[in-house]
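Okay, target_22.cif is below, mmCIF, C-alpha atoms:
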```cif
data_data
loop_
_atom_site.label_atom_id
_atom_site.label_comp_id
_atom_site.auth_asym_id
_atom_site.auth_seq_id
_atom_site.Cartn_x
_atom_site.Cartn_y
_atom_site.Cartn_z
CA MET F 7 20.19 46.20 -1.61
CA ILE F 8 23.86 46.10 -2.63
CA LYS F 9 23.63 49.61 -4.15
CA LYS F 10 22.45 50.87 -0.78
CA GLY F 11 25.53 49.42 0.86
CA ARG F 12 23.81 46.45 2.48
CA ASP F 13 25.11 42.97 1.79
CA PRO F 14 22.53 40.20 1.43
CA ASP F 15 22.44 37.78 4.37
CA VAL F 16 21.63 34.05 4.51
CA VAL F 17 17.90 34.74 4.69
CA THR F 18 18.04 36.83 1.52
CA TYR F 19 20.03 34.20 -0.34
CA THR F 20 17.61 31.50 0.84
CA ILE F 21 14.66 33.41 -0.57
CA MET F 22 16.45 33.89 -3.89
CA VAL F 23 17.45 30.22 -4.16
CA ASP F 24 13.93 29.09 -3.31
CA ARG F 25 12.23 31.42 -5.82
CA LEU F 26 14.69 30.73 -8.61
CA CYS F 27 14.27 26.98 -8.18
CA LYS F 28 10.50 27.33 -8.28
CA ALA F 29 10.92 29.35 -11.49
CA ARG F 30 13.12 26.47 -12.76
CA LYS F 31 16.10 28.81 -13.14
CA PHE F 32 18.40 26.29 -11.54
CA ASP F 33 21.68 27.70 -12.90
CA ASN F 34 20.86 31.08 -11.37
CA ALA F 35 19.86 29.46 -8.08
CA VAL F 36 23.14 27.57 -7.91
CA GLY F 37 24.99 30.77 -8.81
CA PHE F 38 23.45 32.55 -5.81
CA TRP F 39 24.23 29.56 -3.59
CA ARG F 40 27.88 29.54 -4.58
CA GLU F 41 28.07 33.30 -4.20
CA MET F 42 26.71 32.99 -0.65
CA VAL F 43 29.20 30.28 0.31
CA GLY F 44 32.02 32.13 -1.44
CA LYS F 45 31.37 35.16 0.78
CA GLY F 46 31.91 33.00 3.84
CA LEU F 47 28.23 32.90 4.83
CA CYS F 48 27.22 29.62 6.45
CA PRO F 49 23.91 28.32 5.09
CA ASP F 50 21.42 27.20 7.72
CA ASN F 51 18.92 24.32 7.59
CA LYS F 52 16.33 26.49 5.83
CA ALA F 53 18.79 27.48 3.13
CA CYS F 54 19.90 23.87 2.64
CA SER F 55 16.30 22.68 2.51
CA ALA F 56 15.44 25.26 -0.13
CA LEU F 57 18.34 24.06 -2.26
CA VAL F 58 17.72 20.33 -1.78
CA VAL F 59 13.97 20.45 -2.36
CA GLY F 60 14.24 22.92 -5.23
CA LEU F 61 16.95 21.06 -7.14
CA CYS F 62 15.54 17.59 -6.46
CA GLU F 63 12.08 18.56 -7.64
CA GLY F 64 13.72 19.87 -10.78
CA GLY F 65 15.52 16.57 -11.34
CA LYS F 66 18.92 17.97 -10.32
CA VAL F 67 19.51 15.39 -7.59
CA ASP F 68 23.20 14.81 -8.23
CA LEU F 69 23.87 18.55 -8.15
CA ALA F 70 21.94 18.93 -4.89
CA TYR F 71 23.96 16.08 -3.38
CA GLU F 72 27.25 17.61 -4.51
CA LEU F 73 26.49 21.05 -3.07
CA ILE F 74 25.06 19.79 0.22
CA VAL F 75 27.83 17.29 0.88
CA ASP F 76 30.28 20.18 0.70
CA VAL F 77 28.33 21.86 3.51
CA ILE F 78 28.17 18.63 5.53
CA LYS F 79 31.91 18.10 5.22
CA GLY F 80 32.50 21.68 6.34
CA GLY F 81 31.16 20.68 9.75
CA ASN F 82 29.76 24.15 10.53
CA LEU F 83 26.11 23.13 10.52
CA MET F 84 24.20 20.48 12.47
CA PHE F 85 21.77 19.21 9.86
CA SER F 86 18.23 18.33 10.92
CA THR F 87 16.97 14.76 10.52
CA LEU F 88 14.30 16.08 8.13
CA LEU F 89 16.93 17.54 5.84
CA TYR F 90 18.98 14.34 5.86
CA ASN F 91 15.87 12.30 5.13
CA ALA F 92 14.82 14.59 2.28
CA LEU F 93 18.19 14.12 0.62
CA ILE F 94 18.17 10.35 1.20
CA SER F 95 14.71 10.10 -0.32
CA CYS F 96 15.86 11.99 -3.42
CA VAL F 97 19.03 10.00 -4.05
CA CYS F 98 17.25 6.69 -3.46
CA ARG F 99 14.57 7.68 -5.96
CA ILE F 100 17.21 7.77 -8.70
CA ARG F 101 18.95 4.72 -7.21
CA ARG F 102 22.12 6.47 -6.07
CA ILE F 103 22.45 3.91 -3.27
CA GLU F 104 26.12 4.69 -2.65
CA ASN F 105 25.21 8.33 -2.04
CA ALA F 106 22.45 7.31 0.34
CA GLN F 107 24.92 5.15 2.26
CA ALA F 108 27.32 8.09 2.50
CA ILE F 109 24.57 10.33 3.88
CA LYS F 110 23.67 7.62 6.38
CA LEU F 111 27.25 7.63 7.68
CA PHE F 112 27.13 11.41 8.10
CA MET F 113 23.85 11.06 9.98
CA LEU F 114 25.12 8.41 12.35
CA LYS F 115 28.27 10.44 12.96
CA ASN F 116 26.09 13.39 13.97
CA GLY F 117 23.79 11.28 16.15
CA CYS F 118 20.82 11.21 13.76
CA GLU F 119 18.83 8.11 12.85
CA PRO F 120 18.18 7.61 9.11
CA ASP F 121 14.39 7.31 9.35
CA LEU F 122 13.83 7.24 5.59
CA MET F 123 16.91 5.20 4.70
CA ILE F 124 15.02 1.93 4.91
CA LYS F 125 12.07 3.28 2.96
CA GLY F 126 14.33 4.84 0.37
CA LEU F 127 16.20 1.59 -0.27
CA CYS F 128 12.93 -0.32 -0.51
CA ASN F 129 11.50 2.20 -2.97
CA ALA F 130 14.62 1.62 -5.04
CA ASN F 131 13.79 -2.12 -5.01
CA ARG F 132 16.79 -2.87 -2.81
CA PRO F 133 15.17 -4.59 0.18
CA ASP F 134 18.34 -6.66 0.60
CA LYS F 135 20.29 -3.49 1.39
CA ALA F 136 17.52 -2.26 3.66
CA TYR F 137 17.62 -5.57 5.52
CA LEU F 138 21.37 -5.26 6.09
CA LEU F 139 20.72 -1.79 7.48
CA ILE F 140 18.21 -2.99 10.05
CA LYS F 141 20.46 -5.89 10.99
CA ASN F 142 23.21 -3.41 11.75
CA LYS F 143 20.81 -1.23 13.73
CA ILE F 144 19.68 -4.23 15.76
CA GLU F 145 23.23 -5.16 16.58
CA ALA F 146 24.10 -1.56 17.38
CA ASN F 147 21.17 -0.31 19.41
CA GLY F 148 18.03 -2.41 18.92
CA LEU F 149 16.01 0.42 17.39
CA VAL F 150 14.25 -1.66 14.76
CA ASP F 151 10.49 -2.04 15.19
CA ALA F 152 7.56 -3.61 13.33
CA VAL F 153 7.35 -0.60 11.00
CA SER F 154 10.91 -1.21 9.77
CA TYR F 155 10.23 -4.90 9.18
CA ASN F 156 6.89 -4.17 7.48
CA THR F 157 8.55 -1.81 5.02
CA ILE F 158 11.10 -4.44 4.01
CA ILE F 159 8.61 -7.32 3.98
CA LYS F 160 6.39 -5.33 1.62
CA ALA F 161 9.38 -4.57 -0.62
CA PHE F 162 10.41 -8.24 -0.81
CA CYS F 163 6.82 -9.16 -1.71
CA LYS F 164 6.79 -6.45 -4.37
CA VAL F 165 9.85 -7.91 -6.12
CA GLY F 166 8.44 -11.43 -5.87
CA HIS F 167 10.60 -12.76 -3.03
CA ILE F 168 7.73 -13.94 -0.86
CA GLY F 169 9.84 -16.65 0.75
CA LYS F 170 12.33 -14.08 2.00
CA ALA F 171 9.49 -11.90 3.24
CA TYR F 172 8.12 -14.84 5.22
CA GLN F 173 11.56 -15.49 6.72
CA LEU F 174 11.63 -11.91 7.99
CA PHE F 175 8.16 -12.43 9.46
CA GLU F 176 9.43 -15.44 11.41
CA GLU F 177 12.57 -13.53 12.41
CA MET F 178 10.47 -10.81 13.99
CA GLY F 179 9.31 -13.30 16.59
CA THR F 180 12.85 -14.37 17.45
CA LYS F 181 13.77 -10.69 17.95
CA GLY F 182 10.80 -10.06 20.23
CA ILE F 183 9.10 -7.80 17.67
CA ALA F 184 5.38 -8.52 17.43
CA PRO F 185 3.90 -8.50 13.92
CA ASP F 186 0.92 -6.22 13.50
CA VAL F 187 -2.07 -6.07 11.15
CA VAL F 188 0.07 -4.54 8.40
CA THR F 189 2.58 -7.41 8.60
CA PHE F 190 -0.08 -10.06 8.24
CA THR F 191 -2.11 -8.31 5.56
CA THR F 192 0.97 -7.73 3.42
CA LEU F 193 1.94 -11.40 3.56
CA ILE F 194 -1.58 -12.74 3.13
CA LYS F 195 -2.16 -10.64 0.02
CA ALA F 196 1.20 -11.72 -1.39
CA PHE F 197 0.52 -15.42 -0.83
CA LEU F 198 -2.95 -15.13 -2.30
CA SER F 199 -1.56 -13.41 -5.39
CA GLY F 200 1.05 -16.17 -5.64
CA GLY F 201 -1.62 -18.84 -5.52
CA SER F 202 -0.71 -20.10 -2.03
CA SER F 203 -4.18 -19.89 -0.54
CA ASP F 204 -3.49 -22.48 2.17
CA ILE F 205 -0.58 -20.47 3.57
CA ALA F 206 -2.66 -17.30 3.40
CA LYS F 207 -5.47 -18.99 5.36
CA ALA F 208 -2.98 -20.26 7.96
CA LEU F 209 -1.64 -16.72 8.38
CA LEU F 210 -5.15 -15.37 8.75
CA ASP F 211 -5.89 -17.94 11.47
CA ARG F 212 -2.62 -17.05 13.21
CA MET F 213 -3.49 -13.39 12.96
CA SER F 214 -6.92 -13.93 14.50
CA GLY F 215 -5.36 -16.05 17.24
CA MET F 216 -3.21 -13.06 18.21
CA GLY F 217 -6.30 -10.88 18.48
CA LEU F 218 -5.38 -8.89 15.36
CA LEU F 219 -8.42 -8.39 13.17
CA PRO F 220 -8.38 -7.06 9.62
CA ASP F 221 -11.27 -4.91 8.54
CA ARG F 222 -14.25 -5.86 6.39
CA VAL F 223 -12.56 -4.64 3.21
CA PHE F 224 -9.59 -6.93 3.73
CA TYR F 225 -11.74 -9.94 4.58
CA THR F 226 -13.84 -9.31 1.48
CA THR F 227 -10.70 -9.09 -0.67
CA ILE F 228 -9.58 -12.48 0.58
CA ILE F 229 -13.01 -14.04 0.08
CA ASP F 230 -13.25 -12.65 -3.46
CA HIS F 231 -9.77 -13.95 -4.35
CA LEU F 232 -10.49 -17.42 -2.98
CA CYS F 233 -13.78 -17.60 -4.87
CA LYS F 234 -12.12 -16.58 -8.11
CA THR F 235 -9.52 -19.34 -7.65
CA GLY F 236 -12.15 -21.97 -6.97
CA LYS F 237 -11.61 -22.28 -3.21
CA VAL F 238 -15.19 -21.52 -2.26
CA GLU F 239 -15.28 -23.70 0.84
CA MET F 240 -12.25 -21.90 2.26
CA ALA F 241 -13.89 -18.58 1.38
CA HIS F 242 -17.04 -19.69 3.20
CA SER F 243 -14.95 -20.63 6.23
CA ILE F 244 -13.37 -17.17 6.29
CA PHE F 245 -16.80 -15.60 5.87
CA ASP F 246 -17.94 -17.49 8.98
CA ASP F 247 -14.81 -16.26 10.76
CA MET F 248 -15.88 -12.70 9.97
CA ILE F 249 -19.20 -13.30 11.67
CA ASN F 250 -17.65 -15.05 14.67
CA GLN F 251 -15.05 -12.30 15.10
CA GLY F 252 -17.75 -9.64 15.10
CA VAL F 253 -16.51 -7.96 11.92
CA ASN F 254 -19.26 -5.82 10.40
CA LEU F 255 -20.57 -7.51 7.29
CA GLY F 256 -21.65 -5.68 4.17
CA VAL F 257 -23.46 -6.35 0.92
CA ILE F 258 -20.15 -6.49 -0.94
CA SER F 259 -18.94 -9.27 1.37
CA TYR F 260 -22.12 -11.27 0.70
CA ASN F 261 -21.87 -10.66 -3.03
CA ALA F 262 -18.31 -11.97 -3.15
CA LEU F 263 -19.32 -15.30 -1.61
CA ILE F 264 -22.63 -15.53 -3.52
CA ASN F 265 -20.67 -15.05 -6.74
CA GLY F 266 -18.31 -17.84 -5.70
CA PHE F 267 -21.15 -20.22 -4.95
CA CYS F 268 -22.94 -19.47 -8.23
CA LYS F 269 -19.81 -19.96 -10.33
CA SER F 270 -19.14 -23.25 -8.52
CA ASN F 271 -22.64 -24.47 -9.36
CA LYS F 272 -23.70 -24.28 -5.72
CA VAL F 273 -26.76 -22.19 -6.25
CA THR F 274 -28.56 -23.72 -3.27
CA GLU F 275 -25.85 -22.34 -0.98
CA ALA F 276 -26.02 -19.01 -2.80
CA ILE F 277 -29.80 -18.83 -2.26
CA HIS F 278 -29.33 -19.67 1.41
CA LEU F 279 -26.82 -16.82 1.73
CA PHE F 280 -29.16 -14.53 -0.21
CA GLU F 281 -31.93 -15.26 2.30
CA GLU F 282 -29.58 -15.02 5.27
CA MET F 283 -28.34 -11.55 4.33
CA GLN F 284 -31.91 -10.27 4.22
CA ALA F 285 -32.69 -11.89 7.56
CA ARG F 286 -29.68 -10.01 8.98
CA GLY F 287 -31.06 -6.73 7.72
CA PHE F 288 -28.90 -6.33 4.58
CA SER F 289 -30.77 -5.35 1.44
CA PRO F 290 -29.52 -7.04 -1.74
CA ASP F 291 -28.27 -4.62 -4.36
CA GLU F 292 -28.48 -4.87 -8.13
CA ILE F 293 -25.34 -7.02 -8.29
CA THR F 294 -26.76 -9.50 -5.75
CA PHE F 295 -29.93 -10.00 -7.79
CA LYS F 296 -28.01 -10.44 -11.04
CA LEU F 297 -25.72 -13.05 -9.48
CA ILE F 298 -28.65 -15.04 -8.07
CA ILE F 299 -30.71 -14.88 -11.28
CA GLY F 300 -27.68 -15.83 -13.38
CA GLY F 301 -26.93 -18.80 -11.12
CA LEU F 302 -30.52 -20.03 -11.19
CA LEU F 303 -30.63 -19.77 -14.98
CA ARG F 304 -27.44 -21.80 -15.31
CA GLU F 305 -29.12 -24.54 -13.29
CA LYS F 306 -32.27 -24.15 -15.41
CA LYS F 307 -34.39 -23.09 -12.43
CA LEU F 308 -36.45 -20.61 -14.42
CA SER F 309 -39.39 -20.40 -12.02
CA LYS F 310 -37.17 -19.36 -9.10
CA ALA F 311 -35.22 -16.98 -11.35
CA CYS F 312 -38.45 -15.21 -12.31
CA LYS F 313 -39.48 -14.89 -8.66
CA VAL F 314 -36.14 -13.27 -7.82
CA TRP F 315 -36.54 -11.03 -10.87
CA ASP F 316 -39.92 -9.90 -9.48
CA GLN F 317 -38.25 -9.05 -6.16
CA MET F 318 -35.58 -7.16 -8.04
CA MET F 319 -38.10 -5.02 -9.91
CA GLU F 320 -40.00 -4.35 -6.68
CA LYS F 321 -36.75 -2.89 -5.29
CA GLY F 322 -36.50 -0.59 -8.31
CA PHE F 323 -33.58 -2.41 -9.94
CA THR F 324 -33.43 -3.35 -13.62
CA LEU F 325 -31.95 -6.40 -15.23
CA ASP F 326 -29.85 -5.74 -18.28
CA GLY F 327 -27.01 -7.17 -20.29
CA ALA F 328 -26.25 -10.86 -20.71
CA VAL F 329 -28.34 -11.98 -17.72
CA PHE F 330 -31.45 -10.23 -19.07
CA GLU F 331 -30.95 -11.82 -22.50
CA ALA F 332 -30.50 -15.24 -20.90
CA LEU F 333 -33.68 -14.83 -18.87
CA ILE F 334 -35.78 -13.71 -21.84
CA SER F 335 -34.34 -16.53 -23.95
CA ALA F 336 -35.25 -19.07 -21.27
CA ILE F 337 -38.80 -17.72 -21.02
CA HIS F 338 -39.22 -17.89 -24.80
CA SER F 339 -37.94 -21.46 -24.81
CA ILE F 340 -40.63 -22.45 -22.32
CA ASP F 341 -43.35 -20.63 -24.29
CA SER F 342 -42.40 -22.35 -27.54
CA GLU F 343 -42.58 -25.83 -26.08
#
```
Represent the supplied structure as structure tokens.
Amino acid sequence: MIKKGRDPDVVTYTIMVDRLCKARKFDNAVGFWREMVGKGLCPDNKACSALVVGLCEGGKVDLAYELIVDVIKGGNLMFSTLLYNALISCVCRIRRIENAQAIKLFMLKNGCEPDLMIKGLCNANRPDKAYLLIKNKIEANGLVDAVSYNTIIKAFCKVGHIGKAYQLFEEMGTKGIAPDVVTFTTLIKAFLSGGSSDIAKALLDRMSGMGLLPDRVFYTTIIDHLCKTGKVEMAHSIFDDMINQGVNLGVISYNALINGFCKSNKVTEAIHLFEEMQARGFSPDEITFKLIIGGLLREKKLSKACKVWDQMMEKGFTLDGAVFEALISAIHSIDSE
């Protein structure tokens, strides 16, 4: 091109930078970039995006920041929000929080909102900084919504600051921001994991009272967790809530509670649930049968266990592993008496 007397333009340089970065020839890509700028050509958003994405994907985040900030300071280009956000995401990923803050100031100066600033800080395990950001946004223009709060609440839960996350949840109400399903599910899961089942149940009741309903998968997760921590009655109460709220039940939901009953030596309740699920049109699966048979054997109800085993075989399921060995052992014990 140059031999023919035609100088490369911004589009040409953009293509070269993009291809060289993809070929991981970052020094050459930067050389073309500096050559372009040195000739007085003003890179556009596409050129800047090619450089930022290419260098950041190659782990050259600091270099990308250095080169792009020079363009920003030049003031000749109105950066797109997408480009700002891409750079913020990259610098936050390597925890260059001071660089992210600098980009945020450039964005605000140019009338852009840092959409990914909050997420970037949270991904860097700095929810405290993200919280300060939304506080400033509230005071400045009230642009914070449930999504912003949810991002920070999740981040606080991730780093183990569940109390702080709950404070933000309460603060949402004082700011007139309604919590949504994501808000509640994040907190409920965190409190369950922290062993605070009572608080989790209270949040679930509050959630239902607001007309916000989690799906079957979430309900089943809660029931399973409560059963594993010995709170079977609470799990049963939530199971009943599922039915009352019209949430579609499934075999997995039944299995979670049946498992809880069996492990709590409440096989009668497990059998009742086993019969109820069939009356509602749900066919027990292999796991259901194994749970019921195992529970009956633990309570030495061999006759009933054998009847359920017969049902299981009629359905085409097989009993194997520890439960099968326990059943055969129990039968042999009876025969030898």
Open item on the list: What would the selection look like, as a ChimeraX atom specification, if the PyMOL selection byres ((chain F and resi 277-282) around 9) were run on the coordinates I just shared?
Closed with: /F:260-261,263-264,272-276,283-288,290,294-295,298
Open item on the list: I'd like to know which of F:Val238, F:Asp33, F:Ser95, F:Gly46 is closest to Leu69 in chain F, using all atoms listed in the file.
Closed with: F:Asp33
- [ ] Would you kindly return, as a ChimeraX atom specification, each protein, DNA or RNA residue with an atom no farther than 10 Å from any atom of range 242-245 of chain F, considering only C-alpha atoms and excluding same-chain residues fewer than 5 positions away?
- [x] /F:207,210-211,225-226,228-229,232-233,237,250-251,253,255,259-260,262-264,266-267
TODO: Mind checking which residues fall within 12 Å of Val153 in chain F, counting all atoms listed in the file, ignoring those fewer than 3 positions away in the same chain, and posting them as a count of residues only?
DONE: 21
TODO: Figure out the distance between CA of Leu303 in chain F and CA of Ala332 in chain F, please, to one decimal in Å.
DONE: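 Going from CA of Ala332 in chain F over to CA of Leu303 in chain F covers 7.5 Å.
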Task: Length of the CA of Ala136 in chain F to CA of Val77 in chain F vector [Å] - done: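 These atoms are spaced 26.4 Å apart.
Among the candidates F:Lys164, F:Arg25, F:Arg222, F:Arg40, the residue lying nearest to Ile258 in chain F is F:Arg222 (atoms considered: all atoms listed in the file).
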Task: Expansion of the PyMOL selection byres ((chain F and resi 312) around 12) into residues, as a PyMOL selection string - done: chain F and resi 295-296+298-300+302-303+306-311+313-319+325+329-330+332-334+336-337
Write the residues of the preceding selection, restricted to C-alpha atoms, as a CSV table (one decimal), keeping the file's coordinate frame.
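In the end it all went to out_3.csv:
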```
chain,number,residue,atom,x,y,z
F,295,PHE,CA,-29.9,-10.0,-7.8
F,296,LYS,CA,-28.0,-10.4,-11.0
F,298,ILE,CA,-28.6,-15.0,-8.1
F,299,ILE,CA,-30.7,-14.9,-11.3
F,300,GLY,CA,-27.7,-15.8,-13.4
F,302,LEU,CA,-30.5,-20.0,-11.2
F,303,LEU,CA,-30.6,-19.8,-15.0
F,306,LYS,CA,-32.3,-24.2,-15.4
F,307,LYS,CA,-34.4,-23.1,-12.4
F,308,LEU,CA,-36.4,-20.6,-14.4
F,309,SER,CA,-39.4,-20.4,-12.0
F,310,LYS,CA,-37.2,-19.4,-9.1
F,311,ALA,CA,-35.2,-17.0,-11.4
F,313,LYS,CA,-39.5,-14.9,-8.7
F,314,VAL,CA,-36.1,-13.3,-7.8
F,315,TRP,CA,-36.5,-11.0,-10.9
F,316,ASP,CA,-39.9,-9.9,-9.5
F,317,GLN,CA,-38.2,-9.0,-6.2
F,318,MET,CA,-35.6,-7.2,-8.0
F,319,MET,CA,-38.1,-5.0,-9.9
F,325,LEU,CA,-32.0,-6.4,-15.2
F,329,VAL,CA,-28.3,-12.0,-17.7
F,330,PHE,CA,-31.4,-10.2,-19.1
F,332,ALA,CA,-30.5,-15.2,-20.9
F,333,LEU,CA,-33.7,-14.8,-18.9
F,334,ILE,CA,-35.8,-13.7,-21.8
F,336,ALA,CA,-35.2,-19.1,-21.3
F,337,ILE,CA,-38.8,-17.7,-21.0
```
Open item on the list: Calculated over all atoms listed in the file, which of the candidates F:Lys28, F:Lys234, F:Lys269, F:Lys181 has the smallest distance to Ala152 in chain F?
Closed with: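 Counting all atoms listed in the file, the residue closest to Ala152 in chain F is F:Lys181.
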Open item on the list: List the spatial neighbours of Ala29 in chain F as a PyMOL selection string - criterion: any atom at most 10 Å away, all atoms listed in the file, same-chain residues fewer than 6 positions off excluded.
Closed with: chain F and resi 23+35+60+64
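Coordinates place CA of Ala108 in chain F at a distance of 27.6 Å from CA of Asn34 in chain F.
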Open item on the list: Under the PyMOL selection byres ((chain F and resi 209) around 12), which residues of this model are included? Write them out as a ChimeraX atom specification.
Closed with: /F:172,175-176,185-187,189-198,202-208,210-216,218-220,228,244
Task: Residue nearest Arg99 in chain F - candidates F:Asp246, F:Ile74, F:Leu139, F:Cys128, atoms counted: only C-alpha atoms - done: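 Smallest separation from Arg99 in chain F among the options: F:Cys128.
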Open item on the list: Counting all atoms listed in the file, I want the residues whose atoms come within 12 Å of (18.4, 15.3, -9.9) in the file frame, returned as a PyMOL selection string.
Closed with: chain F and resi 32+57-72+93+95-102
Task: Counting all atoms listed in the file, the option among F:Asn51, F:Ser270, F:Asp151, F:Tyr137 closest to Lys170 in chain F - done: F:Tyr137
